[in-house]
>>> print(open('data_3.pdb').read())   # PDB, C-alpha atoms and all ligand atoms
ATOM      1  CA  MET A1021      53.457 101.093  64.074  1.00  0.00           C
ATOM      2  CA  THR A1022      54.600 104.633  63.219  1.00  0.00           C
ATOM      3  CA  LEU A1023      58.264 105.155  63.973  1.00  0.00           C
ATOM      4  CA  SER A1024      59.657 108.653  64.312  1.00  0.00           C
ATOM      5  CA  VAL A1025      62.875 110.253  65.556  1.00  0.00           C
ATOM      6  CA  ARG A1026      63.118 113.392  67.684  1.00  0.00           C
ATOM      7  CA  PRO A1027      65.733 115.036  69.917  1.00  0.00           C
ATOM      8  CA  LEU A1028      66.247 113.210  73.219  1.00  0.00           C
ATOM      9  CA  VAL A1029      65.673 115.293  76.349  1.00  0.00           C
ATOM     10  CA  ILE A1030      66.618 114.693  79.955  1.00  0.00           C
ATOM     11  CA  ASP A1031      63.088 113.604  80.903  1.00  0.00           C
ATOM     12  CA  ASP A1032      63.485 110.664  78.495  1.00  0.00           C
ATOM     13  CA  LEU A1033      66.447 109.174  80.327  1.00  0.00           C
ATOM     14  CA  LEU A1034      64.549 106.744  82.571  1.00  0.00           C
ATOM     15  CA  ALA A1035      63.034 105.142  79.471  1.00  0.00           C
ATOM     16  CA  VAL A1036      66.488 105.124  77.899  1.00  0.00           C
ATOM     17  CA  LEU A1037      67.964 103.503  81.019  1.00  0.00           C
ATOM     18  CA  LYS A1038      65.443 100.635  80.780  1.00  0.00           C
ATOM     19  CA  ILE A1039      66.370  99.930  77.153  1.00  0.00           C
ATOM     20  CA  GLU A1040      70.077 100.339  77.983  1.00  0.00           C
ATOM     21  CA  ARG A1041      69.816  97.674  80.715  1.00  0.00           C
ATOM     22  CA  GLU A1042      67.988  95.287  78.387  1.00  0.00           C
ATOM     23  CA  SER A1043      70.476  95.845  75.576  1.00  0.00           C
ATOM     24  CA  PHE A1044      73.991  95.780  77.027  1.00  0.00           C
ATOM     25  CA  SER A1045      75.872  93.381  79.322  1.00  0.00           C
ATOM     26  CA  ALA A1046      77.645  96.366  80.907  1.00  0.00           C
ATOM     27  CA  PRO A1047      74.945  99.063  80.769  1.00  0.00           C
ATOM     28  CA  TRP A1048      75.547 102.722  81.451  1.00  0.00           C
ATOM     29  CA  SER A1049      74.198 104.183  84.692  1.00  0.00           C
ATOM     30  CA  LEU A1050      71.724 107.059  84.799  1.00  0.00           C
ATOM     31  CA  ALA A1051      74.610 109.344  85.784  1.00  0.00           C
ATOM     32  CA  MET A1052      76.543 108.328  82.657  1.00  0.00           C
ATOM     33  CA  LEU A1053      73.490 109.001  80.479  1.00  0.00           C
ATOM     34  CA  ILE A1054      73.008 112.424  82.101  1.00  0.00           C
ATOM     35  CA  HIS A1055      76.666 113.175  81.419  1.00  0.00           C
ATOM     36  CA  GLU A1056      76.384 112.092  77.775  1.00  0.00           C
ATOM     37  CA  ILE A1057      73.251 114.124  77.013  1.00  0.00           C
ATOM     38  CA  ALA A1058      75.040 117.203  78.377  1.00  0.00           C
ATOM     39  CA  VAL A1059      78.066 116.874  76.070  1.00  0.00           C
ATOM     40  CA  GLU A1060      78.310 120.067  74.045  1.00  0.00           C
ATOM     41  CA  GLY A1061      77.143 119.490  70.483  1.00  0.00           C
ATOM     42  CA  VAL A1062      76.002 115.898  71.082  1.00  0.00           C
ATOM     43  CA  ILE A1063      73.378 114.508  68.717  1.00  0.00           C
ATOM     44  CA  ALA A1064      71.007 112.690  71.085  1.00  0.00           C
ATOM     45  CA  LEU A1065      67.985 111.067  69.477  1.00  0.00           C
ATOM     46  CA  ALA A1066      64.873 109.287  70.722  1.00  0.00           C
ATOM     47  CA  LEU A1067      63.116 106.701  68.571  1.00  0.00           C
ATOM     48  CA  GLU A1068      59.386 106.785  69.215  1.00  0.00           C
ATOM     49  CA  ASP A1069      56.424 104.669  68.307  1.00  0.00           C
ATOM     50  CA  GLU A1070      53.245 106.640  68.932  1.00  0.00           C
ATOM     51  CA  GLY A1071      54.705 108.554  71.863  1.00  0.00           C
ATOM     52  CA  ALA A1072      56.579 105.670  73.508  1.00  0.00           C
ATOM     53  CA  ILE A1073      60.368 105.653  73.454  1.00  0.00           C
ATOM     54  CA  ILE A1074      61.635 102.421  71.912  1.00  0.00           C
ATOM     55  CA  GLY A1075      65.219 103.382  71.115  1.00  0.00           C
ATOM     56  CA  TYR A1076      67.912 106.021  71.362  1.00  0.00           C
ATOM     57  CA  ALA A1077      71.244 107.074  69.924  1.00  0.00           C
ATOM     58  CA  PHE A1078      74.121 109.334  70.971  1.00  0.00           C
ATOM     59  CA  CYS A1079      76.738 110.713  68.597  1.00  0.00           C
ATOM     60  CA  SER A1080      79.351 113.039  70.120  1.00  0.00           C
ATOM     61  CA  PRO A1081      81.822 115.447  68.563  1.00  0.00           C
ATOM     62  CA  HIS A1082      85.527 114.765  69.219  1.00  0.00           C
ATOM     63  CA  ALA A1083      87.999 117.294  67.796  1.00  0.00           C
ATOM     64  CA  ASP A1084      87.597 116.868  64.003  1.00  0.00           C
ATOM     65  CA  ASP A1085      85.579 113.648  64.166  1.00  0.00           C
ATOM     66  CA  TRP A1086      82.334 112.250  65.517  1.00  0.00           C
ATOM     67  CA  HIS A1087      81.887 109.217  67.740  1.00  0.00           C
ATOM     68  CA  LEU A1088      78.748 107.103  67.511  1.00  0.00           C
ATOM     69  CA  VAL A1089      78.748 106.391  71.222  1.00  0.00           C
ATOM     70  CA  SER A1090      75.593 104.326  71.542  1.00  0.00           C
ATOM     71  CA  ILE A1091      72.590 103.126  69.611  1.00  0.00           C
ATOM     72  CA  ALA A1092      69.994 100.692  70.921  1.00  0.00           C
ATOM     73  CA  VAL A1093      66.430  99.590  70.307  1.00  0.00           C
ATOM     74  CA  ASP A1094      64.012  97.898  72.735  1.00  0.00           C
ATOM     75  CA  PRO A1095      64.589  94.135  72.251  1.00  0.00           C
ATOM     76  CA  SER A1096      60.902  93.549  71.470  1.00  0.00           C
ATOM     77  CA  ARG A1097      60.954  96.236  68.748  1.00  0.00           C
ATOM     78  CA  ARG A1098      64.034  95.280  66.776  1.00  0.00           C
ATOM     79  CA  ARG A1099      64.229  94.428  63.071  1.00  0.00           C
ATOM     80  CA  SER A1100      61.658  97.109  62.267  1.00  0.00           C
ATOM     81  CA  GLY A1101      64.035  99.667  60.806  1.00  0.00           C
ATOM     82  CA  GLY A1102      64.297 101.743  64.000  1.00  0.00           C
ATOM     83  CA  ALA A1103      68.069 101.789  64.283  1.00  0.00           C
ATOM     84  CA  ARG A1104      68.354 102.573  60.574  1.00  0.00           C
ATOM     85  CA  LEU A1105      65.986 105.535  61.024  1.00  0.00           C
ATOM     86  CA  MET A1106      68.140 106.965  63.836  1.00  0.00           C
ATOM     87  CA  LEU A1107      71.408 106.345  62.001  1.00  0.00           C
ATOM     88  CA  LEU A1108      70.090 107.988  58.838  1.00  0.00           C
ATOM     89  CA  GLU A1109      69.035 111.032  60.877  1.00  0.00           C
ATOM     90  CA  ILE A1110      72.585 111.293  62.258  1.00  0.00           C
ATOM     91  CA  LEU A1111      74.133 110.821  58.811  1.00  0.00           C
ATOM     92  CA  ASN A1112      71.794 113.412  57.277  1.00  0.00           C
ATOM     93  CA  ARG A1113      72.700 115.925  59.956  1.00  0.00           C
ATOM     94  CA  LEU A1114      76.458 115.341  59.647  1.00  0.00           C
ATOM     95  CA  GLY A1115      76.663 114.924  55.872  1.00  0.00           C
ATOM     96  CA  ASP A1116      79.054 112.757  53.877  1.00  0.00           C
ATOM     97  CA  GLU A1117      82.062 115.030  54.509  1.00  0.00           C
ATOM     98  CA  SER A1118      82.089 114.175  58.220  1.00  0.00           C
ATOM     99  CA  ARG A1119      84.194 111.427  59.735  1.00  0.00           C
ATOM    100  CA  ILE A1120      82.374 109.158  62.184  1.00  0.00           C
ATOM    101  CA  THR A1121      83.916 106.352  64.227  1.00  0.00           C
ATOM    102  CA  LEU A1122      82.621 103.718  66.629  1.00  0.00           C
ATOM    103  CA  GLU A1123      83.626 100.578  68.519  1.00  0.00           C
ATOM    104  CA  VAL A1124      81.687  97.336  68.221  1.00  0.00           C
ATOM    105  CA  ARG A1125      82.038  93.819  69.610  1.00  0.00           C
ATOM    106  CA  PRO A1126      83.071  91.279  66.957  1.00  0.00           C
ATOM    107  CA  SER A1127      80.137  89.128  68.143  1.00  0.00           C
ATOM    108  CA  ASN A1128      77.581  91.897  67.483  1.00  0.00           C
ATOM    109  CA  VAL A1129      76.358  90.721  64.086  1.00  0.00           C
ATOM    110  CA  ALA A1130      73.271  92.958  64.170  1.00  0.00           C
ATOM    111  CA  ALA A1131      75.174  96.186  64.782  1.00  0.00           C
ATOM    112  CA  ILE A1132      77.941  95.315  62.312  1.00  0.00           C
ATOM    113  CA  GLY A1133      75.292  94.640  59.655  1.00  0.00           C
ATOM    114  CA  LEU A1134      73.705  98.016  60.354  1.00  0.00           C
ATOM    115  CA  TYR A1135      77.015  99.886  60.161  1.00  0.00           C
ATOM    116  CA  GLU A1136      78.252  98.087  57.037  1.00  0.00           C
ATOM    117  CA  GLN A1137      74.992  98.939  55.274  1.00  0.00           C
ATOM    118  CA  HIS A1138      75.684 102.631  55.895  1.00  0.00           C
ATOM    119  CA  GLY A1139      79.269 103.054  54.720  1.00  0.00           C
ATOM    120  CA  PHE A1140      81.287 102.087  57.799  1.00  0.00           C
ATOM    121  CA  LEU A1141      84.435 100.001  57.227  1.00  0.00           C
ATOM    122  CA  PHE A1142      86.636  98.102  59.678  1.00  0.00           C
ATOM    123  CA  ALA A1143      89.803 100.050  60.431  1.00  0.00           C
ATOM    124  CA  GLY A1144      91.419  98.314  63.395  1.00  0.00           C
ATOM    125  CA  ALA A1145      90.841  96.854  66.847  1.00  0.00           C
ATOM    126  CA  ARG A1146      91.253  97.791  70.484  1.00  0.00           C
ATOM    127  CA  PRO A1147      92.567  94.711  72.337  1.00  0.00           C
ATOM    128  CA  ALA A1148      90.594  93.525  75.411  1.00  0.00           C
ATOM    129  CA  TYR A1149      88.393  96.635  75.252  1.00  0.00           C
ATOM    130  CA  TYR A1150      85.304  95.202  76.958  1.00  0.00           C
ATOM    131  CA  PRO A1151      85.985  94.519  80.654  1.00  0.00           C
ATOM    132  CA  ASP A1152      83.018  92.137  81.094  1.00  0.00           C
ATOM    133  CA  SER A1153      84.136  89.659  78.407  1.00  0.00           C
ATOM    134  CA  GLY A1154      87.688  90.681  77.576  1.00  0.00           C
ATOM    135  CA  GLU A1155      86.612  90.899  73.916  1.00  0.00           C
ATOM    136  CA  ASP A1156      88.492  93.160  71.562  1.00  0.00           C
ATOM    137  CA  ALA A1157      86.565  96.067  70.085  1.00  0.00           C
ATOM    138  CA  LEU A1158      86.482  96.408  66.342  1.00  0.00           C
ATOM    139  CA  ILE A1159      86.957 100.008  65.228  1.00  0.00           C
ATOM    140  CA  MET A1160      84.825 101.175  62.314  1.00  0.00           C
ATOM    141  CA  TRP A1161      84.879 104.477  60.425  1.00  0.00           C
ATOM    142  CA  ARG A1162      82.585 106.223  57.966  1.00  0.00           C
ATOM    143  CA  THR A1163      84.460 108.941  56.091  1.00  0.00           C
ATOM    144  CA  PRO A1164      84.555 110.375  52.570  1.00  0.00           C
ATOM    145  CA  ALA A1165      87.154 107.668  51.771  1.00  0.00           C
ATOM    146  CA  THR A1166      85.208 104.733  53.242  1.00  0.00           C
ATOM    147  CA  LEU A1167      82.246 105.749  51.097  1.00  0.00           C
ATOM    148  CA  SER A1168      84.531 104.891  48.146  1.00  0.00           C
ATOM    149  CA  GLY A1169      85.792 101.697  49.800  1.00  0.00           C
ATOM    150  CA  ARG A1170      89.099 103.226  50.935  1.00  0.00           C
ATOM    151  CA  LEU A1171      90.690 104.031  54.315  1.00  0.00           C
ATOM    152  CA  ASP A1172      93.196 106.726  53.343  1.00  0.00           C
ATOM    153  CA  ASP A1173      91.590 109.467  55.463  1.00  0.00           C
ATOM    154  CA  VAL A1174      91.254 107.228  58.538  1.00  0.00           C
ATOM    155  CA  PRO A1175      93.881 107.749  61.284  1.00  0.00           C
ATOM    156  CA  ASN A1176      96.055 104.666  62.028  1.00  0.00           C
ATOM    157  CA  ALA A1177      93.918 102.429  59.853  1.00  0.00           C
ATOM    158  CA  GLU A1178      94.498  98.681  59.949  1.00  0.00           C
ATOM    159  CA  PRO A1179      92.085  97.392  57.360  1.00  0.00           C
ATOM    160  CA  GLN A1180      92.232  93.660  58.109  1.00  0.00           C
ATOM    161  CA  ARG A1181      89.456  92.480  60.390  1.00  0.00           C
ATOM    162  CA  LYS A1182      90.994  90.028  62.881  1.00  0.00           C
TER
HETATM  163  C1  LIG B   1      72.012  96.815  66.697  1.00  0.00           C
HETATM  164  C2  LIG B   1      70.581  97.304  66.913  1.00  0.00           C
HETATM  165  C3  LIG B   1      70.627  98.741  67.389  1.00  0.00           C
HETATM  166  C4  LIG B   1      69.817  97.211  65.572  1.00  0.00           C
HETATM  167  O1  LIG B   1      68.530  97.766  65.793  1.00  0.00           O
HETATM  168  P1  LIG B   1      67.260  97.401  64.863  1.00  0.00           P
HETATM  169  O2  LIG B   1      66.252  98.466  65.051  1.00  0.00           O
HETATM  170  O3  LIG B   1      66.852  95.999  65.123  1.00  0.00           O
HETATM  171  O4  LIG B   1      67.916  97.483  63.419  1.00  0.00           O
HETATM  172  P2  LIG B   1      67.106  97.764  62.050  1.00  0.00           P
HETATM  173  O5  LIG B   1      65.800  97.037  62.072  1.00  0.00           O
HETATM  174  O6  LIG B   1      67.094  99.212  61.775  1.00  0.00           O
HETATM  175  O7  LIG B   1      68.052  97.014  61.012  1.00  0.00           O
HETATM  176  C5  LIG B   1      68.940  97.720  60.161  1.00  0.00           C
HETATM  177  C6  LIG B   1      69.990  96.739  59.675  1.00  0.00           C
HETATM  178  O8  LIG B   1      70.789  96.277  60.756  1.00  0.00           O
HETATM  179  C7  LIG B   1      71.186  94.916  60.515  1.00  0.00           C
HETATM  180  N1  LIG B   1      70.603  94.031  61.525  1.00  0.00           N
HETATM  181  C8  LIG B   1      69.759  94.398  62.497  1.00  0.00           C
HETATM  182  N2  LIG B   1      69.476  93.327  63.264  1.00  0.00           N
HETATM  183  C9  LIG B   1      70.153  92.289  62.758  1.00  0.00           C
HETATM  184  C10 LIG B   1      70.289  90.932  63.122  1.00  0.00           C
HETATM  185  N3  LIG B   1      69.629  90.428  64.198  1.00  0.00           N
HETATM  186  N4  LIG B   1      71.108  90.133  62.401  1.00  0.00           N
HETATM  187  C11 LIG B   1      71.772  90.625  61.346  1.00  0.00           C
HETATM  188  N5  LIG B   1      71.684  91.922  60.921  1.00  0.00           N
HETATM  189  C12 LIG B   1      70.893  92.736  61.638  1.00  0.00           C
HETATM  190  C13 LIG B   1      70.664  94.559  59.142  1.00  0.00           C
HETATM  191  O9  LIG B   1      71.667  94.930  58.214  1.00  0.00           O
HETATM  192  C14 LIG B   1      69.458  95.476  59.055  1.00  0.00           C
HETATM  193  O10 LIG B   1      69.079  95.718  57.734  1.00  0.00           O
HETATM  194  P3  LIG B   1      68.000  94.735  57.013  1.00  0.00           P
HETATM  195  O11 LIG B   1      66.808  94.717  57.897  1.00  0.00           O
HETATM  196  O12 LIG B   1      67.800  95.404  55.692  1.00  0.00           O
HETATM  197  O13 LIG B   1      68.663  93.387  56.933  1.00  0.00           O
HETATM  198  C15 LIG B   1      69.833  96.405  67.937  1.00  0.00           C
HETATM  199  O14 LIG B   1      70.040  95.047  67.605  1.00  0.00           O
HETATM  200  C16 LIG B   1      70.245  96.629  69.369  1.00  0.00           C
HETATM  201  O15 LIG B   1      69.702  97.494  70.059  1.00  0.00           O
HETATM  202  N6  LIG B   1      71.222  95.838  69.865  1.00  0.00           N
HETATM  203  C17 LIG B   1      71.682  95.969  71.246  1.00  0.00           C
HETATM  204  C18 LIG B   1      72.475  97.236  71.440  1.00  0.00           C
HETATM  205  C19 LIG B   1      73.717  97.252  70.567  1.00  0.00           C
HETATM  206  O16 LIG B   1      74.408  96.252  70.421  1.00  0.00           O
HETATM  207  N7  LIG B   1      74.002  98.439  69.991  1.00  0.00           N
HETATM  208  C20 LIG B   1      75.175  98.638  69.152  1.00  0.00           C
HETATM  209  C21 LIG B   1      76.387  98.832  69.983  1.00  0.00           C
HETATM  210  S1  LIG B   1      77.860  98.968  68.975  1.00  0.00           S
END
>>> encode(input="data_3.pdb", output="structure tokens")
Amino acid sequence: MTLSVRPLVIDDLLAVLKIERESFSAPWSLAMLIHEIAVEGVIALALEDEGAIIGYAFCSPHADDWHLVSIAVDPSRRRSGGARLMLLEILNRLGDESRITLEVRPSNVAAIGLYEQHGFLFAGARPAYYPDSGEDALIMWRTPATLSGRLDDVPNAEPQRK
């Protein structure tokens, strides 16, 4: 197995759609993926193993911040460091001065473990965010402050995880 990361292009989206459907209970449609890859300035990455796409990630600019919109790995190829490779590519491109946020389900132990390993801290919740389950979303941020264990540069931070 030789994992590598490269820019995602529109021709990759059918492979992405397959992984998306296997990874999320409310997957994005092809139209939503086409919209996301066209966002100006988006970092869209493909994770490859010897030419086959086994994962992807989207990180979009929003005003002064970045939003890690999606990251997923083929279920049969998880726990091999693929998501870490994509996240590190994003973090290397953005640098430690950038502020990056994301939403995650409280039940998503795998994703939370990944984010916590890379400097993201809990900073609040969005009640009943996920329409399929009614679950709240946990909001996480990675900023210059969170890298020192603080939240003072995070907007509207509520540090306690519910
Ligand atoms: C979350 C996800 C992207 C992780 O992908 P992955 O390639 O398996 O992750 P990696 O192998 O790079 O693991 C990196 C770290 O993530 C955490 N992690 C990954 N899978 C985990 C699991 N099943 N349980 C606990 N921690 C886990 C660990 O901290 C791991 O580091 P370690 O191996 O040193 O313990 C993958 O599980 C996935 O695609 N899930 C479905 C989609 C999803 O939920 N995306 C996130 C939406 S917010």
>>> resolve_selection(input="data_3.pdb", expression="the PyMOL selection byres (((chain A and resi 1164) around 8) and not hetatm)", output="list of chain:residue names")
A:Asp1116, A:Glu1117, A:Ser1118, A:Arg1119, A:Arg1162, A:Thr1163, A:Ala1165, A:Thr1166, A:Leu1167, A:Ser1168, A:Asp1173
>>> closest_atom_pairs(input="data_3.pdb", of="chain A", to="ligand LIG 1 (chain B)", cutoff="10 Å", atoms="all atoms listed in the file", output="CSV")
residue,atom,partner,partner_atom,distance
A:Ile1039,CA,B:LIG1,O15,8.2
A:Glu1040,CA,B:LIG1,C18,7.6
A:Arg1041,CA,B:LIG1,C18,9.7
A:Glu1042,CA,B:LIG1,C17,8.1
A:Ser1043,CA,B:LIG1,C17,4.5
A:Phe1044,CA,B:LIG1,C18,6.0
A:Ser1045,CA,B:LIG1,C18,9.4
A:Pro1047,CA,B:LIG1,C18,9.8
A:Leu1067,CA,B:LIG1,O2,9.5
A:Ile1074,CA,B:LIG1,O2,9.2
A:Gly1075,CA,B:LIG1,O15,7.5
A:Tyr1076,CA,B:LIG1,C3,8.7
A:Ala1077,CA,B:LIG1,C3,8.7
A:Leu1088,CA,B:LIG1,S1,8.3
A:Val1089,CA,B:LIG1,S1,7.8
A:Ser1090,CA,B:LIG1,C21,5.8
A:Ile1091,CA,B:LIG1,N7,4.9
A:Ala1092,CA,B:LIG1,O15,3.3
A:Val1093,CA,B:LIG1,O15,3.9
A:Asp1094,CA,B:LIG1,O15,6.3
A:Pro1095,CA,B:LIG1,O15,6.5
A:Ser1096,CA,B:LIG1,O3,9.0
A:Arg1097,CA,B:LIG1,O2,6.8
A:Arg1098,CA,B:LIG1,O3,3.3
A:Arg1099,CA,B:LIG1,O5,3.2
A:Ser1100,CA,B:LIG1,O5,4.1
A:Gly1101,CA,B:LIG1,O6,3.2
A:Gly1102,CA,B:LIG1,O2,4.0
A:Ala1103,CA,B:LIG1,O6,3.7
A:Arg1104,CA,B:LIG1,O6,3.8
A:Leu1105,CA,B:LIG1,O6,6.5
A:Met1106,CA,B:LIG1,O6,8.1
A:Leu1107,CA,B:LIG1,O6,8.3
A:Leu1108,CA,B:LIG1,O6,9.7
A:Leu1122,CA,B:LIG1,S1,7.1
A:Glu1123,CA,B:LIG1,S1,6.0
A:Val1124,CA,B:LIG1,S1,4.2
A:Arg1125,CA,B:LIG1,S1,6.7
A:Pro1126,CA,B:LIG1,S1,9.5
A:Ser1127,CA,B:LIG1,O16,9.4
A:Asn1128,CA,B:LIG1,O16,6.1
A:Val1129,CA,B:LIG1,C11,5.3
A:Ala1130,CA,B:LIG1,C12,3.5
A:Ala1131,CA,B:LIG1,C1,3.7
A:Ile1132,CA,B:LIG1,C7,7.0
A:Gly1133,CA,B:LIG1,O9,3.9
A:Leu1134,CA,B:LIG1,O8,3.4
A:Tyr1135,CA,B:LIG1,O8,7.2
A:Glu1136,CA,B:LIG1,O9,7.4
A:Gln1137,CA,B:LIG1,O9,6.0
A:His1138,CA,B:LIG1,O9,9.0
A:Ala1157,CA,B:LIG1,S1,9.2
A:Leu1158,CA,B:LIG1,S1,9.4
A:Ile1159,CA,B:LIG1,S1,9.9
A:Met1160,CA,B:LIG1,S1,9.9
>>> resolve_selection(input="data_3.pdb", expression="the PyMOL selection byres (((chain A and resi 1175-1179) around 6) and not hetatm)", output="list of chain:residue names")
A:Phe1142, A:Ala1143, A:Gly1144, A:Val1174, A:Gln1180
>>> resolve_selection(input="data_3.pdb", expression="the PyMOL selection byres (((chain A and resi 1034) around 12) and not hetatm)", output="tab-separated table (two decimals) with C-alpha atoms, in the coordinates of the input")
chain	number	residue	atom	x	y	z
A	1028	LEU	CA	66.25	113.21	73.22
A	1029	VAL	CA	65.67	115.29	76.35
A	1030	ILE	CA	66.62	114.69	79.96
A	1031	ASP	CA	63.09	113.60	80.90
A	1032	ASP	CA	63.48	110.66	78.50
A	1033	LEU	CA	66.45	109.17	80.33
A	1035	ALA	CA	63.03	105.14	79.47
A	1036	VAL	CA	66.49	105.12	77.90
A	1037	LEU	CA	67.96	103.50	81.02
A	1038	LYS	CA	65.44	100.64	80.78
A	1039	ILE	CA	66.37	99.93	77.15
A	1040	GLU	CA	70.08	100.34	77.98
A	1041	ARG	CA	69.82	97.67	80.72
A	1048	TRP	CA	75.55	102.72	81.45
A	1049	SER	CA	74.20	104.18	84.69
A	1050	LEU	CA	71.72	107.06	84.80
A	1051	ALA	CA	74.61	109.34	85.78
A	1053	LEU	CA	73.49	109.00	80.48
A	1054	ILE	CA	73.01	112.42	82.10
A	1073	ILE	CA	60.37	105.65	73.45
A	1074	ILE	CA	61.64	102.42	71.91
A	1075	GLY	CA	65.22	103.38	71.11
A	1076	TYR	CA	67.91	106.02	71.36
>>> atom_distance(input="data_3.pdb", atom1="CA of Glu1068 (chain A)", atom2="CA of Arg1026 (chain A)")
7.7 Å
>>> atom_distance(input="data_3.pdb", atom1="CA of Met1021 (chain A)", atom2="CA of Cys1079 (chain A)")
25.6 Å
>>> atom_distance(input="data_3.pdb", atom1="CA of Ile1120 (chain A)", atom2="CA of His1087 (chain A)")
5.6 Å
>>> closest_residue(input="data_3.pdb", among="A:Leu1023, A:Val1062, A:Ala1046, A:Ile1057", to="Arg1113 (chain A)", atoms="all atoms listed in the file")
A:Val1062
>>> closest_residue(input="data_3.pdb", among="A:Thr1022, A:Asn1112, A:Thr1121, A:Ser1080", to="Phe1140 (chain A)", atoms="all atoms listed in the file")
A:Thr1121
>>> build_atoms(input="data_3.pdb", residues="region 1159-1165 of chain A", atoms="all heavy atoms", output="PDB file, in the frame of the given file")
ATOM      1  N   ILE A1159      87.130  98.579  65.492  1.00  0.00           N
ATOM      2  CA  ILE A1159      86.957 100.008  65.228  1.00  0.00           C
ATOM      3  C   ILE A1159      86.436 100.152  63.805  1.00  0.00           C
ATOM      4  O   ILE A1159      86.985  99.552  62.868  1.00  0.00           O
ATOM      5  CB  ILE A1159      88.303 100.747  65.346  1.00  0.00           C
ATOM      6  CG1 ILE A1159      88.909 100.544  66.738  1.00  0.00           C
ATOM      7  CG2 ILE A1159      88.129 102.237  65.049  1.00  0.00           C
ATOM      8  CD1 ILE A1159      90.372 100.967  66.821  1.00  0.00           C
ATOM      9  N   MET A1160      85.364 100.920  63.653  1.00  0.00           N
ATOM     10  CA  MET A1160      84.825 101.175  62.314  1.00  0.00           C
ATOM     11  C   MET A1160      84.794 102.684  62.080  1.00  0.00           C
ATOM     12  O   MET A1160      84.643 103.463  63.027  1.00  0.00           O
ATOM     13  CB  MET A1160      83.414 100.597  62.156  1.00  0.00           C
ATOM     14  CG  MET A1160      83.363  99.089  62.349  1.00  0.00           C
ATOM     15  SD  MET A1160      81.712  98.366  62.056  1.00  0.00           S
ATOM     16  CE  MET A1160      81.717  98.198  60.264  1.00  0.00           C
ATOM     17  N   TRP A1161      84.956 103.068  60.809  1.00  0.00           N
ATOM     18  CA  TRP A1161      84.879 104.477  60.425  1.00  0.00           C
ATOM     19  C   TRP A1161      83.974 104.644  59.219  1.00  0.00           C
ATOM     20  O   TRP A1161      83.925 103.766  58.337  1.00  0.00           O
ATOM     21  CB  TRP A1161      86.260 105.015  60.031  1.00  0.00           C
ATOM     22  CG  TRP A1161      87.176 105.350  61.168  1.00  0.00           C
ATOM     23  CD1 TRP A1161      87.989 104.494  61.844  1.00  0.00           C
ATOM     24  CD2 TRP A1161      87.387 106.658  61.740  1.00  0.00           C
ATOM     25  NE1 TRP A1161      88.702 105.177  62.804  1.00  0.00           N
ATOM     26  CE2 TRP A1161      88.351 106.499  62.753  1.00  0.00           C
ATOM     27  CE3 TRP A1161      86.861 107.920  61.485  1.00  0.00           C
ATOM     28  CZ2 TRP A1161      88.798 107.573  63.526  1.00  0.00           C
ATOM     29  CZ3 TRP A1161      87.308 108.992  62.249  1.00  0.00           C
ATOM     30  CH2 TRP A1161      88.263 108.814  63.264  1.00  0.00           C
ATOM     31  N   ARG A1162      83.301 105.779  59.172  1.00  0.00           N
ATOM     32  CA  ARG A1162      82.585 106.223  57.966  1.00  0.00           C
ATOM     33  C   ARG A1162      83.130 107.607  57.626  1.00  0.00           C
ATOM     34  O   ARG A1162      82.986 108.560  58.411  1.00  0.00           O
ATOM     35  CB  ARG A1162      81.088 106.316  58.211  1.00  0.00           C
ATOM     36  CG  ARG A1162      80.285 106.681  56.958  1.00  0.00           C
ATOM     37  CD  ARG A1162      78.856 106.955  57.360  1.00  0.00           C
ATOM     38  NE  ARG A1162      77.925 106.925  56.241  1.00  0.00           N
ATOM     39  CZ  ARG A1162      77.589 107.977  55.494  1.00  0.00           C
ATOM     40  NH1 ARG A1162      78.146 109.153  55.730  1.00  0.00           N
ATOM     41  NH2 ARG A1162      76.716 107.871  54.526  1.00  0.00           N
ATOM     42  N   THR A1163      83.799 107.698  56.507  1.00  0.00           N
ATOM     43  CA  THR A1163      84.460 108.941  56.091  1.00  0.00           C
ATOM     44  C   THR A1163      84.224 109.125  54.598  1.00  0.00           C
ATOM     45  O   THR A1163      83.723 108.207  53.928  1.00  0.00           O
ATOM     46  CB  THR A1163      85.989 108.835  56.324  1.00  0.00           C
ATOM     47  OG1 THR A1163      86.514 107.864  55.407  1.00  0.00           O
ATOM     48  CG2 THR A1163      86.338 108.428  57.746  1.00  0.00           C
ATOM     49  N   PRO A1164      84.641 110.255  54.034  1.00  0.00           N
ATOM     50  CA  PRO A1164      84.555 110.375  52.570  1.00  0.00           C
ATOM     51  C   PRO A1164      85.272 109.215  51.873  1.00  0.00           C
ATOM     52  O   PRO A1164      84.780 108.693  50.867  1.00  0.00           O
ATOM     53  CB  PRO A1164      85.229 111.724  52.300  1.00  0.00           C
ATOM     54  CG  PRO A1164      84.925 112.528  53.539  1.00  0.00           C
ATOM     55  CD  PRO A1164      85.028 111.534  54.672  1.00  0.00           C
ATOM     56  N   ALA A1165      86.420 108.767  52.424  1.00  0.00           N
ATOM     57  CA  ALA A1165      87.154 107.668  51.771  1.00  0.00           C
ATOM     58  C   ALA A1165      86.399 106.342  51.901  1.00  0.00           C
ATOM     59  O   ALA A1165      86.298 105.592  50.926  1.00  0.00           O
ATOM     60  CB  ALA A1165      88.556 107.554  52.360  1.00  0.00           C
TER      61      ALA A1165
END
